[in-house]
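Source file query-v4.cif; content: mmCIF, C-alpha atoms and all ligand atoms.
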data_run
loop_
_atom_site.group_PDB
_atom_site.id
_atom_site.type_symbol
_atom_site.label_atom_id
_atom_site.label_comp_id
_atom_site.auth_asym_id
_atom_site.auth_seq_id
_atom_site.Cartn_x
_atom_site.Cartn_y
_atom_site.Cartn_z
ATOM 1 C CA MET Y 1 0.000 0.000 0.000
ATOM 2 C CA LEU Y 2 1.209 3.498 -0.770
ATOM 3 C CA VAL Y 3 1.017 6.164 1.937
ATOM 4 C CA SER Y 4 1.161 9.944 1.929
ATOM 5 C CA ALA Y 5 4.511 11.303 3.106
ATOM 6 C CA THR Y 6 3.063 13.524 5.835
ATOM 7 C CA GLU Y 7 3.313 11.169 8.792
ATOM 8 C CA MET Y 8 6.752 9.793 7.951
ATOM 9 C CA LEU Y 9 8.142 13.319 7.613
ATOM 10 C CA GLN Y 10 6.544 14.643 10.785
ATOM 11 C CA LYS Y 11 8.099 11.691 12.617
ATOM 12 C CA ALA Y 12 11.438 12.495 10.988
ATOM 13 C CA VAL Y 13 11.328 16.109 12.213
ATOM 14 C CA ALA Y 14 10.497 14.945 15.748
ATOM 15 C CA GLY Y 15 13.167 12.220 15.646
ATOM 16 C CA HIS Y 16 15.896 14.390 14.021
ATOM 17 C CA TYR Y 17 16.508 12.259 10.963
ATOM 18 C CA ALA Y 18 15.579 12.528 7.284
ATOM 19 C CA VAL Y 19 13.764 10.261 4.840
ATOM 20 C CA GLY Y 20 15.417 9.705 1.456
ATOM 21 C CA ALA Y 21 13.478 10.570 -1.689
ATOM 22 C CA PHE Y 22 15.049 8.643 -4.534
ATOM 23 C CA ASN Y 23 14.042 9.236 -8.153
ATOM 24 C CA ILE Y 24 12.915 6.229 -10.158
ATOM 25 C CA ASN Y 25 13.332 5.683 -13.908
ATOM 26 C CA ASN Y 26 12.263 2.124 -14.530
ATOM 27 C CA LEU Y 27 11.610 -1.266 -12.947
ATOM 28 C CA GLU Y 28 15.245 -1.888 -11.911
ATOM 29 C CA TRP Y 29 15.466 1.450 -10.108
ATOM 30 C CA THR Y 30 12.198 0.870 -8.279
ATOM 31 C CA LYS Y 31 13.083 -2.690 -7.285
ATOM 32 C CA SER Y 32 16.541 -1.719 -5.973
ATOM 33 C CA ILE Y 33 15.224 1.187 -3.897
ATOM 34 C CA LEU Y 34 12.271 -0.760 -2.453
ATOM 35 C CA ALA Y 35 14.465 -3.768 -1.570
ATOM 36 C CA THR Y 36 17.013 -1.561 0.200
ATOM 37 C CA ALA Y 37 14.423 0.387 2.197
ATOM 38 C CA GLN Y 38 12.817 -2.887 3.288
ATOM 39 C CA GLU Y 39 16.183 -4.415 4.271
ATOM 40 C CA LEU Y 40 16.982 -1.340 6.400
ATOM 41 C CA GLU Y 41 13.432 -1.040 7.764
ATOM 42 C CA SER Y 42 13.296 2.545 6.592
ATOM 43 C CA PRO Y 43 10.407 4.596 5.222
ATOM 44 C CA VAL Y 44 11.089 5.727 1.652
ATOM 45 C CA ILE Y 45 9.818 8.169 -0.936
ATOM 46 C CA LEU Y 46 9.941 7.289 -4.641
ATOM 47 C CA GLY Y 47 10.300 10.496 -6.653
ATOM 48 C CA VAL Y 48 9.035 10.661 -10.228
ATOM 49 C CA SER Y 49 9.895 13.625 -12.429
ATOM 50 C CA GLU Y 50 7.558 14.501 -15.274
ATOM 51 C CA GLY Y 51 10.258 13.383 -17.729
ATOM 52 C CA ALA Y 52 10.644 10.006 -16.018
ATOM 53 C CA GLY Y 53 6.852 9.625 -15.901
ATOM 54 C CA LYS Y 54 6.671 10.205 -19.653
ATOM 55 C CA TYR Y 55 9.563 7.772 -20.211
ATOM 56 C CA MET Y 56 7.651 5.085 -18.338
ATOM 57 C CA THR Y 57 4.629 5.749 -20.647
ATOM 58 C CA GLY Y 58 2.726 7.871 -18.128
ATOM 59 C CA PHE Y 59 1.891 8.277 -14.433
ATOM 60 C CA THR Y 60 -0.813 5.596 -14.554
ATOM 61 C CA THR Y 61 1.784 3.024 -15.612
ATOM 62 C CA VAL Y 62 4.079 4.195 -12.811
ATOM 63 C CA THR Y 63 1.393 3.833 -10.146
ATOM 64 C CA ALA Y 64 0.388 0.389 -11.403
ATOM 65 C CA MET Y 65 4.015 -0.797 -11.459
ATOM 66 C CA VAL Y 66 4.918 0.572 -8.043
ATOM 67 C CA LYS Y 67 1.762 -0.734 -6.350
ATOM 68 C CA ALA Y 68 2.231 -4.180 -7.891
ATOM 69 C CA MET Y 69 5.909 -4.291 -6.902
ATOM 70 C CA VAL Y 70 5.181 -3.251 -3.318
ATOM 71 C CA ASP Y 71 2.710 -6.145 -3.118
ATOM 72 C CA ALA Y 72 4.787 -8.731 -4.968
ATOM 73 C CA MET Y 73 7.976 -7.941 -3.020
ATOM 74 C CA GLY Y 74 6.154 -8.037 0.319
ATOM 75 C CA ILE Y 75 7.235 -4.483 1.166
ATOM 76 C CA THR Y 76 5.960 -3.491 4.601
ATOM 77 C CA VAL Y 77 7.847 -0.210 5.176
ATOM 78 C CA PRO Y 78 5.938 3.019 4.406
ATOM 79 C CA VAL Y 79 6.334 3.943 0.717
ATOM 80 C CA ALA Y 80 5.179 7.247 -0.759
ATOM 81 C CA LEU Y 81 4.900 7.680 -4.522
ATOM 82 C CA HIS Y 82 5.674 11.333 -5.084
ATOM 83 C CA LEU Y 83 5.676 13.656 -8.093
ATOM 84 C CA ASP Y 84 9.005 15.509 -8.173
ATOM 85 C CA HIS Y 85 9.051 19.150 -9.397
ATOM 86 C CA GLY Y 86 5.526 18.959 -10.724
ATOM 87 C CA THR Y 87 3.888 21.507 -12.968
ATOM 88 C CA TYR Y 88 0.326 22.600 -12.254
ATOM 89 C CA ASP Y 89 -1.031 20.192 -14.911
ATOM 90 C CA GLY Y 90 1.337 17.419 -13.822
ATOM 91 C CA CYS Y 91 -0.039 17.622 -10.270
ATOM 92 C CA TYR Y 92 -3.581 17.040 -11.504
ATOM 93 C CA LYS Y 93 -2.419 14.110 -13.648
ATOM 94 C CA CYS Y 94 -0.686 12.442 -10.675
ATOM 95 C CA ILE Y 95 -3.665 12.950 -8.383
ATOM 96 C CA LYS Y 96 -5.786 11.215 -11.020
ATOM 97 C CA ALA Y 97 -3.207 8.471 -11.572
ATOM 98 C CA GLY Y 98 -3.195 7.430 -7.900
ATOM 99 C CA PHE Y 99 0.067 8.925 -6.593
ATOM 100 C CA SER Y 100 0.150 9.311 -2.812
ATOM 101 C CA SER Y 101 2.069 12.591 -2.795
ATOM 102 C CA ILE Y 102 2.789 15.521 -5.121
ATOM 103 C CA MET Y 103 5.201 18.409 -5.366
ATOM 104 C CA PHE Y 104 4.035 21.611 -6.983
ATOM 105 C CA ASP Y 105 7.092 23.555 -8.048
ATOM 106 C CA GLY Y 106 5.826 27.092 -8.470
ATOM 107 C CA SER Y 107 9.209 28.598 -7.629
ATOM 108 C CA HIS Y 108 9.632 30.096 -11.104
ATOM 109 C CA TYR Y 109 6.326 32.003 -10.839
ATOM 110 C CA PRO Y 110 5.994 35.410 -9.163
ATOM 111 C CA ILE Y 111 5.264 34.722 -5.470
ATOM 112 C CA GLU Y 112 1.575 35.766 -5.753
ATOM 113 C CA GLU Y 113 1.004 33.216 -8.503
ATOM 114 C CA ASN Y 114 2.949 30.542 -6.614
ATOM 115 C CA VAL Y 115 0.718 31.229 -3.567
ATOM 116 C CA GLU Y 116 -2.535 31.063 -5.569
ATOM 117 C CA LYS Y 117 -1.686 27.846 -7.417
ATOM 118 C CA THR Y 118 -0.233 26.157 -4.328
ATOM 119 C CA LYS Y 119 -3.326 27.062 -2.294
ATOM 120 C CA GLU Y 120 -5.616 25.484 -4.885
ATOM 121 C CA LEU Y 121 -3.521 22.328 -5.115
ATOM 122 C CA VAL Y 122 -3.320 21.950 -1.308
ATOM 123 C CA LYS Y 123 -7.111 21.838 -1.195
ATOM 124 C CA ILE Y 124 -7.486 19.159 -3.837
ATOM 125 C CA ALA Y 125 -4.470 17.079 -2.708
ATOM 126 C CA HIS Y 126 -5.754 16.954 0.864
ATOM 127 C CA ALA Y 127 -9.306 16.190 -0.240
ATOM 128 C CA MET Y 128 -7.860 13.161 -2.057
ATOM 129 C CA GLY Y 129 -5.601 12.105 0.854
ATOM 130 C CA LEU Y 130 -2.277 13.069 -0.759
ATOM 131 C CA SER Y 131 0.565 15.020 0.816
ATOM 132 C CA ILE Y 132 1.877 18.086 -0.979
ATOM 133 C CA GLU Y 133 5.302 19.732 -1.177
ATOM 134 C CA ALA Y 134 5.764 23.294 -2.419
ATOM 135 C CA GLU Y 135 8.895 25.190 -3.389
ATOM 136 C CA VAL Y 136 10.253 28.663 -2.809
ATOM 137 C CA GLY Y 137 13.543 29.824 -4.337
ATOM 138 C CA ALA Y 138 14.526 27.751 -7.370
ATOM 139 C CA ILE Y 139 17.018 24.940 -6.876
ATOM 140 C CA GLY Y 140 19.953 25.432 -9.230
ATOM 141 C CA GLY Y 141 21.249 23.016 -11.815
ATOM 142 C CA GLU Y 142 19.208 21.193 -14.379
ATOM 143 C CA GLU Y 143 16.115 19.089 -13.734
ATOM 144 C CA ASP Y 144 14.266 17.907 -16.842
ATOM 145 C CA GLY Y 145 15.439 20.923 -18.804
ATOM 146 C CA VAL Y 146 14.434 23.459 -16.131
ATOM 147 C CA VAL Y 147 17.486 25.464 -15.121
ATOM 148 C CA GLY Y 148 17.534 27.417 -11.851
ATOM 149 C CA MET Y 149 20.162 29.708 -10.389
ATOM 150 C CA GLY Y 150 20.852 28.054 -7.007
ATOM 151 C CA GLU Y 151 19.339 30.922 -5.091
ATOM 152 C CA CYS Y 152 18.609 31.213 -1.400
ATOM 153 C CA ALA Y 153 14.897 31.466 -0.620
ATOM 154 C CA ASP Y 154 13.399 34.471 1.151
ATOM 155 C CA PRO Y 155 12.326 33.244 4.641
ATOM 156 C CA ALA Y 156 9.269 35.547 4.639
ATOM 157 C CA GLU Y 157 8.089 33.987 1.355
ATOM 158 C CA CYS Y 158 8.713 30.533 2.855
ATOM 159 C CA LYS Y 159 6.387 31.425 5.702
ATOM 160 C CA ARG Y 160 3.681 32.579 3.292
ATOM 161 C CA ILE Y 161 3.801 29.281 1.409
ATOM 162 C CA ALA Y 162 4.136 27.165 4.573
ATOM 163 C CA ASP Y 163 1.044 28.866 6.021
ATOM 164 C CA LEU Y 164 -1.051 27.575 3.092
ATOM 165 C CA GLY Y 165 -1.278 24.170 4.749
ATOM 166 C CA ILE Y 166 1.342 22.349 2.673
ATOM 167 C CA ASP Y 167 2.913 19.262 4.240
ATOM 168 C CA PHE Y 168 6.594 19.933 3.485
ATOM 169 C CA LEU Y 169 8.587 22.748 1.964
ATOM 170 C CA ALA Y 170 11.502 22.814 -0.472
ATOM 171 C CA ALA Y 171 13.481 26.021 -0.097
ATOM 172 C CA GLY Y 172 16.666 26.938 -1.905
ATOM 173 C CA ILE Y 173 19.658 27.210 0.432
ATOM 174 C CA GLY Y 174 22.427 27.236 -2.181
ATOM 175 C CA ASN Y 175 21.815 23.599 -3.179
ATOM 176 C CA ILE Y 176 21.792 22.565 -6.830
ATOM 177 C CA HIS Y 177 20.794 19.505 -8.822
ATOM 178 C CA GLY Y 178 23.461 17.311 -10.356
ATOM 179 C CA LYS Y 179 27.157 17.286 -9.520
ATOM 180 C CA TYR Y 180 28.390 20.256 -7.480
ATOM 181 C CA PRO Y 181 30.990 22.403 -9.238
ATOM 182 C CA ALA Y 182 34.464 22.612 -7.666
ATOM 183 C CA ASN Y 183 33.842 26.224 -6.618
ATOM 184 C CA TRP Y 184 30.496 25.514 -4.889
ATOM 185 C CA GLN Y 185 30.158 27.559 -1.704
ATOM 186 C CA GLY Y 186 28.309 24.904 0.314
ATOM 187 C CA LEU Y 187 24.854 25.088 1.867
ATOM 188 C CA SER Y 188 23.744 28.365 3.445
ATOM 189 C CA PHE Y 189 22.960 27.334 7.022
ATOM 190 C CA GLU Y 190 22.189 30.951 7.830
ATOM 191 C CA THR Y 191 19.333 30.830 5.307
ATOM 192 C CA LEU Y 192 18.203 27.428 6.563
ATOM 193 C CA ALA Y 193 18.102 28.640 10.185
ATOM 194 C CA ALA Y 194 16.154 31.756 9.157
ATOM 195 C CA ILE Y 195 13.631 29.611 7.234
ATOM 196 C CA LYS Y 196 13.286 27.232 10.187
ATOM 197 C CA ALA Y 197 12.649 30.207 12.516
ATOM 198 C CA GLN Y 198 9.774 31.267 10.233
ATOM 199 C CA THR Y 199 8.256 27.856 9.524
ATOM 200 C CA GLY Y 200 8.475 26.049 12.895
ATOM 201 C CA ASP Y 201 7.952 22.281 12.692
ATOM 202 C CA MET Y 202 7.279 22.222 8.948
ATOM 203 C CA PRO Y 203 9.424 19.411 7.463
ATOM 204 C CA LEU Y 204 11.982 21.038 5.152
ATOM 205 C CA VAL Y 205 13.205 19.404 1.949
ATOM 206 C CA LEU Y 206 16.760 19.414 0.682
ATOM 207 C CA HIS Y 207 16.942 18.888 -3.069
ATOM 208 C CA GLY Y 208 20.193 18.140 -4.872
ATOM 209 C CA GLY Y 209 21.319 15.534 -2.321
ATOM 210 C CA THR Y 210 24.003 14.185 -4.675
ATOM 211 C CA GLY Y 211 27.497 15.051 -3.526
ATOM 212 C CA ILE Y 212 26.644 17.093 -0.423
ATOM 213 C CA PRO Y 213 29.324 16.216 2.167
ATOM 214 C CA ALA Y 214 28.127 14.137 5.142
ATOM 215 C CA ASP Y 215 28.823 16.871 7.721
ATOM 216 C CA GLN Y 216 26.634 19.346 5.811
ATOM 217 C CA ILE Y 217 23.857 16.741 5.506
ATOM 218 C CA LYS Y 218 23.925 16.154 9.261
ATOM 219 C CA LYS Y 219 23.883 19.855 10.040
ATOM 220 C CA ALA Y 220 20.965 20.388 7.656
ATOM 221 C CA ILE Y 221 19.024 17.607 9.424
ATOM 222 C CA ASP Y 222 19.776 19.244 12.796
ATOM 223 C CA LEU Y 223 18.267 22.454 11.398
ATOM 224 C CA GLY Y 224 14.959 20.859 10.314
ATOM 225 C CA VAL Y 225 15.581 19.092 6.995
ATOM 226 C CA ALA Y 226 13.447 15.919 6.995
ATOM 227 C CA LYS Y 227 13.418 14.863 3.319
ATOM 228 C CA ILE Y 228 16.502 14.645 1.152
ATOM 229 C CA ASN Y 229 16.248 14.104 -2.609
ATOM 230 C CA VAL Y 230 18.851 12.006 -4.399
ATOM 231 C CA ASN Y 231 18.829 11.337 -8.112
ATOM 232 C CA THR Y 232 22.150 11.852 -9.932
ATOM 233 C CA GLU Y 233 24.173 9.683 -7.547
ATOM 234 C CA CYS Y 234 21.993 6.628 -8.325
ATOM 235 C CA GLN Y 235 22.519 7.304 -12.030
ATOM 236 C CA LEU Y 236 26.285 7.564 -11.568
ATOM 237 C CA TYR Y 237 26.475 4.311 -9.581
ATOM 238 C CA PHE Y 238 24.317 2.536 -12.172
ATOM 239 C CA ALA Y 239 26.418 3.830 -15.075
ATOM 240 C CA ASP Y 240 29.764 3.044 -13.412
ATOM 241 C CA ALA Y 241 28.809 -0.546 -12.569
ATOM 242 C CA THR Y 242 27.366 -1.137 -16.050
ATOM 243 C CA ARG Y 243 30.462 0.301 -17.742
ATOM 244 C CA LYS Y 244 32.719 -1.906 -15.618
ATOM 245 C CA TYR Y 245 30.721 -5.030 -16.563
ATOM 246 C CA ILE Y 246 31.020 -4.245 -20.253
ATOM 247 C CA GLU Y 247 34.648 -3.131 -20.111
ATOM 248 C CA GLU Y 248 35.519 -6.428 -18.438
ATOM 249 C CA GLY Y 249 33.885 -8.164 -21.412
ATOM 250 C CA LYS Y 250 31.337 -9.902 -19.195
ATOM 251 C CA ASP Y 251 28.530 -9.203 -21.638
ATOM 252 C CA GLN Y 252 30.372 -11.449 -24.098
ATOM 253 C CA GLN Y 253 30.945 -14.358 -21.750
ATOM 254 C CA GLY Y 254 28.237 -17.033 -21.904
ATOM 255 C CA LYS Y 255 24.866 -15.300 -21.957
ATOM 256 C CA GLY Y 256 26.241 -12.171 -20.287
ATOM 257 C CA TYR Y 257 24.263 -10.111 -22.798
ATOM 258 C CA ASP Y 258 20.980 -11.269 -21.220
ATOM 259 C CA PRO Y 259 19.424 -7.996 -19.988
ATOM 260 C CA ARG Y 260 18.794 -9.521 -16.585
ATOM 261 C CA LYS Y 261 22.544 -10.115 -16.297
ATOM 262 C CA LEU Y 262 23.608 -6.922 -18.047
ATOM 263 C CA LEU Y 263 21.506 -4.708 -15.768
ATOM 264 C CA ALA Y 264 22.262 -6.602 -12.543
ATOM 265 C CA PRO Y 265 25.531 -4.831 -11.572
ATOM 266 C CA GLY Y 266 23.891 -1.417 -12.101
ATOM 267 C CA ALA Y 267 20.920 -2.457 -9.967
ATOM 268 C CA GLU Y 268 23.353 -3.555 -7.233
ATOM 269 C CA GLY Y 269 25.115 -0.189 -7.599
ATOM 270 C CA ILE Y 270 21.838 1.619 -6.895
ATOM 271 C CA LYS Y 271 21.320 -0.528 -3.785
ATOM 272 C CA THR Y 272 24.811 0.359 -2.541
ATOM 273 C CA ILE Y 273 24.303 4.125 -2.777
ATOM 274 C CA VAL Y 274 20.715 4.039 -1.477
ATOM 275 C CA LYS Y 275 21.905 2.071 1.566
ATOM 276 C CA GLU Y 276 24.703 4.556 2.171
ATOM 277 C CA LYS Y 277 22.278 7.480 1.987
ATOM 278 C CA ILE Y 278 19.610 5.900 4.215
ATOM 279 C CA GLU Y 279 22.292 5.215 6.836
ATOM 280 C CA LEU Y 280 23.617 8.775 6.574
ATOM 281 C CA PHE Y 281 20.114 10.262 6.814
ATOM 282 C CA GLY Y 282 19.467 8.255 10.002
ATOM 283 C CA SER Y 283 16.198 6.571 8.979
ATOM 284 C CA VAL Y 284 17.339 2.952 9.499
ATOM 285 C CA GLY Y 285 14.773 1.107 11.645
ATOM 286 C CA LYS Y 286 12.302 4.031 11.557
ATOM 287 C CA ALA Y 287 9.642 2.244 9.497
HETATM 288 P P1 LIG J 301 20.408 15.296 -7.420
HETATM 289 O O1 LIG J 301 20.222 14.784 -8.811
HETATM 290 O O2 LIG J 301 21.421 16.392 -7.361
HETATM 291 O O3 LIG J 301 20.674 14.224 -6.442
HETATM 292 O O4 LIG J 301 19.031 16.000 -7.004
HETATM 293 C C1 LIG J 301 17.863 15.247 -6.926
HETATM 294 C C2 LIG J 301 16.678 16.099 -6.666
HETATM 295 O O5 LIG J 301 16.732 17.086 -5.970
HETATM 296 C C3 LIG J 301 15.403 15.680 -7.252
HETATM 297 O O6 LIG J 301 14.397 16.608 -7.031
#
Mind turning this structure into structure tokens?
Amino acid sequence: MLVSATEMLQKAVAGHYAVGAFNINNLEWTKSILATAQELESPVILGVSEGAGKYMTGFTTVTAMVKAMVDAMGITVPVALHLDHGTYDGCYKCIKAGFSSIMFDGSHYPIEENVEKTKELVKIAHAMGLSIEAEVGAIGGEEDGVVGMGECADPAECKRIADLGIDFLAAGIGNIHGKYPANWQGLSFETLAAIKAQTGDMPLVLHGGTGIPADQIKKAIDLGVAKINVNTECQLYFADATRKYIEEGKDQQGKGYDPRKLLAPGAEGIKTIVKEKIELFGSVGKA
């Protein structure tokens, strides 16, 4: 069964840990993440970008696959199926498709428009039993072709959006999607503390989890971050393991070209990094 992310994130805030939100792209990704969360007895959030949803032939396919896999694999830890960086239309599609959580990313709109659209979506998401994440201050880097500037959110604007009844808030604190450049300044804990002071117990979301040093992750959790998104690092681990398999010529030994064999090292790679992240975020045994 899929659950909304509200309860797991409120528990995370109270318990001073964070729940990992890992993006899925296909069956292998989903299976690796679910198996690892179950092994570690950790709640987990499966993030689906609009691009990944389209790749998997639509949100309805994604819901059907995830629900069936949760059942077939005997997954008992809380699993939320969450739209990542959703557009206004994308949110409606995911509500209809049976997701248990959505993110409306209105950060590129003027604040008044972000407020109006978020308010409307909060109403419908809650009426349907879904949790909803909103965003203030675009996250830098590239996500499905949307490029942000890595800004720091205005704490007063964060309060305005938080007060709309959303369940968790993504706010830019210098984080960016993808690999961090060598000259990255690190997270702005000053901004994070100011946002926390304005938003109280609202679970805060840290996007761009790939490559943030462990000490900064821990400090962010101390300051109220309860959901951490990781995408690129799973892709890198998958690609590295797959490349190694092919470079070692294993695809040409016996039936090494069988997709179930060819994709196995990459799937193991995803499990390795997801395990590392869940341990770092402190959600082991919190299911
Ligand atoms: P990374 O790709 O940098 O891990 O970011 C993931 C993310 O924030 C998804 O919303």
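Selection result for the displayed file, with the PyMOL selection byres (((chain Y and resi 237) around 10) and not hetatm) as criterion, is Thr232, Glu233, Cys234, Gln235, Leu236, Phe238, Ala239, Asp240, Ala241, Thr242, Arg243, Pro265, Gly266, Ala267, Glu268, Gly269, Ile270, Lys271, Thr272, Ile273 and Val274 of chain Y.
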Item to complete: Given the file shown, determine the residues that the PyMOL selection byres (((chain Y and resi 157) around 12) and not hetatm) selects; report them as a PyMOL selection string.
Response: chain Y and resi 107+110-112+114-115+134-137+152-156+158-164+169-172+194-195+198-199
Grab the residues selected above and save them as a JSON list (two decimals), in the frame of the given file with C-alpha atoms.
[["chain", "number", "residue", "atom", "x", "y", "z"],
["Y", 107, "SER", "CA", 9.21, 28.60, -7.63],
["Y", 110, "PRO", "CA", 5.99, 35.41, -9.16],
["Y", 111, "ILE", "CA", 5.26, 34.72, -5.47],
["Y", 112, "GLU", "CA", 1.58, 35.77, -5.75],
["Y", 114, "ASN", "CA", 2.95, 30.54, -6.61],
["Y", 115, "VAL", "CA", 0.72, 31.23, -3.57],
["Y", 134, "ALA", "CA", 5.76, 23.29, -2.42],
["Y", 135, "GLU", "CA", 8.90, 25.19, -3.39],
["Y", 136, "VAL", "CA", 10.25, 28.66, -2.81],
["Y", 137, "GLY", "CA", 13.54, 29.82, -4.34],
["Y", 152, "CYS", "CA", 18.61, 31.21, -1.40],
["Y", 153, "ALA", "CA", 14.90, 31.47, -0.62],
["Y", 154, "ASP", "CA", 13.40, 34.47, 1.15],
["Y", 155, "PRO", "CA", 12.33, 33.24, 4.64],
["Y", 156, "ALA", "CA", 9.27, 35.55, 4.64],
["Y", 158, "CYS", "CA", 8.71, 30.53, 2.86],
["Y", 159, "LYS", "CA", 6.39, 31.42, 5.70],
["Y", 160, "ARG", "CA", 3.68, 32.58, 3.29],
["Y", 161, "ILE", "CA", 3.80, 29.28, 1.41],
["Y", 162, "ALA", "CA", 4.14, 27.16, 4.57],
["Y", 163, "ASP", "CA", 1.04, 28.87, 6.02],
["Y", 164, "LEU", "CA", -1.05, 27.58, 3.09],
["Y", 169, "LEU", "CA", 8.59, 22.75, 1.96],
["Y", 170, "ALA", "CA", 11.50, 22.81, -0.47],
["Y", 171, "ALA", "CA", 13.48, 26.02, -0.10],
["Y", 172, "GLY", "CA", 16.67, 26.94, -1.90],
["Y", 194, "ALA", "CA", 16.15, 31.76, 9.16],
["Y", 195, "ILE", "CA", 13.63, 29.61, 7.23],
["Y", 198, "GLN", "CA", 9.77, 31.27, 10.23],
["Y", 199, "THR", "CA", 8.26, 27.86, 9.52]]
Fill in: Residue nearest Ser49 in chain Y - candidates Y:Thr6, Y:Asn229, Y:Leu130, Y:Ala35, atoms counted: only C-alpha atoms
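Smallest separation from Ser49 in chain Y among the options: Y:Asn229.
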Fill in: Environment of ligand LIG 301 (chain J) within 10 Å, counting all atoms listed in the file, reported as a PyMOL selection string
chain Y and resi 21-23+47-49+83-86+103+139-144+170+175-180+205-212+228-236
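Taking all atoms listed in the file into account, Val122 in chain Y lies nearest to Y:Ile166 out of the set Y:Tyr55, Y:Ile166, Y:Val79, Y:Lys96.
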To test the calculation: enclose all listed atoms of range 95-109 of chain Y in a box whose edges run along x, y and z, add 5 Å on each side, then state centre and edge lengths in Å to one decimal, as lines of an AutoDock Vina configuration file.
center_x = 1.9
center_y = 19.7
center_z = -7.2
size_x = 25.4
size_y = 34.6
size_z = 18.8
Worksheet item: Which value, in Å to one decimal, gives the distance between CA of Ile45 in chain Y and CA of Leu81 in chain Y?
Response: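 Going from CA of Ile45 in chain Y over to CA of Leu81 in chain Y covers 6.1 Å.
The space separating CA of Asp71 in chain Y from CA of Asn25 in chain Y comes to 19.2 Å.
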Worksheet item: What does the distance from CA of Thr30 in chain Y to CA of Ile102 in chain Y come to in Å, to one decimal?
Response: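 Atom-to-atom, CA of Thr30 in chain Y and CA of Ile102 in chain Y are spaced 17.7 Å apart.
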Fill in: Y:Phe168, Y:Tyr109, Y:Tyr92, Y:Phe99 ranked by distance to Glu133 in chain Y, top pick (using only C-alpha atoms)
Y:Phe168
How would you write as a compact mmCIF listing (two decimals) with C-alpha atoms, in the frame of the given file the residues that get within 9 Å of (14.9, 4.6, 8.7) in the file's frame, counting all atoms listed in the file?
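Dumped to selection_8.txt:
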# COMPACT_ATOMS: atom_id res chain seq x y z
CA ALA Y 12 11.44 12.50 10.99
CA TYR Y 17 16.51 12.26 10.96
CA ALA Y 18 15.58 12.53 7.28
CA VAL Y 19 13.76 10.26 4.84
CA GLY Y 20 15.42 9.70 1.46
CA ALA Y 37 14.42 0.39 2.20
CA LEU Y 40 16.98 -1.34 6.40
CA GLU Y 41 13.43 -1.04 7.76
CA SER Y 42 13.30 2.54 6.59
CA PRO Y 43 10.41 4.60 5.22
CA VAL Y 44 11.09 5.73 1.65
CA ILE Y 278 19.61 5.90 4.22
CA GLU Y 279 22.29 5.22 6.84
CA PHE Y 281 20.11 10.26 6.81
CA GLY Y 282 19.47 8.26 10.00
CA SER Y 283 16.20 6.57 8.98
CA VAL Y 284 17.34 2.95 9.50
CA GLY Y 285 14.77 1.11 11.64
CA LYS Y 286 12.30 4.03 11.56
CA ALA Y 287 9.64 2.24 9.50
Need the shell around range 88-91 of chain Y: protein/DNA/RNA residues with any atom at most 10 Å away, counting all atoms listed in the file. Skip same-chain ones fewer than 5 positions apart. Format as a compact mmCIF listing (two decimals) with C-alpha atoms, in the coordinates of the input?
# COMPACT_ATOMS: atom_id res chain seq x y z
CA SER Y 49 9.90 13.62 -12.43
CA GLU Y 50 7.56 14.50 -15.27
CA GLY Y 53 6.85 9.62 -15.90
CA PHE Y 59 1.89 8.28 -14.43
CA HIS Y 82 5.67 11.33 -5.08
CA LEU Y 83 5.68 13.66 -8.09
CA LYS Y 96 -5.79 11.22 -11.02
CA ALA Y 97 -3.21 8.47 -11.57
CA PHE Y 99 0.07 8.93 -6.59
CA SER Y 101 2.07 12.59 -2.80
CA ILE Y 102 2.79 15.52 -5.12
CA MET Y 103 5.20 18.41 -5.37
CA PHE Y 104 4.04 21.61 -6.98
CA ASP Y 105 7.09 23.56 -8.05
CA GLY Y 106 5.83 27.09 -8.47
CA LYS Y 117 -1.69 27.85 -7.42
CA THR Y 118 -0.23 26.16 -4.33
CA GLU Y 120 -5.62 25.48 -4.88
CA LEU Y 121 -3.52 22.33 -5.12
CA ILE Y 124 -7.49 19.16 -3.84
CA ALA Y 125 -4.47 17.08 -2.71
CA ILE Y 132 1.88 18.09 -0.98
Fill in: Neighbour residues at most 12 Å from (7.3, 24.5, 17.4) (all atoms listed in the file) as a ChimeraX atom specification
/Y:10,13-14,196-203,224
Print the selection's residues with C-alpha atoms to a file, as a PDB file, keeping the file's coordinate frame.
ATOM      1  CA  GLN Y  10       6.544  14.643  10.785  1.00  0.00           C
ATOM      2  CA  VAL Y  13      11.328  16.109  12.213  1.00  0.00           C
ATOM      3  CA  ALA Y  14      10.497  14.945  15.748  1.00  0.00           C
ATOM      4  CA  LYS Y 196      13.286  27.232  10.187  1.00  0.00           C
ATOM      5  CA  ALA Y 197      12.649  30.207  12.516  1.00  0.00           C
ATOM      6  CA  GLN Y 198       9.774  31.267  10.233  1.00  0.00           C
ATOM      7  CA  THR Y 199       8.256  27.856   9.524  1.00  0.00           C
ATOM      8  CA  GLY Y 200       8.475  26.049  12.895  1.00  0.00           C
ATOM      9  CA  ASP Y 201       7.952  22.281  12.692  1.00  0.00           C
ATOM     10  CA  MET Y 202       7.279  22.222   8.948  1.00  0.00           C
ATOM     11  CA  PRO Y 203       9.424  19.411   7.463  1.00  0.00           C
ATOM     12  CA  GLY Y 224      14.959  20.859  10.314  1.00  0.00           C
TER      13      GLY Y 224
END
Item to complete: Could you tell me which of Y:Ala72, Y:Met65, Y:Ile173, Y:Ile24 comes closest to Ala52 in chain Y if we count all atoms listed in the file?
Response: Y:Ile24
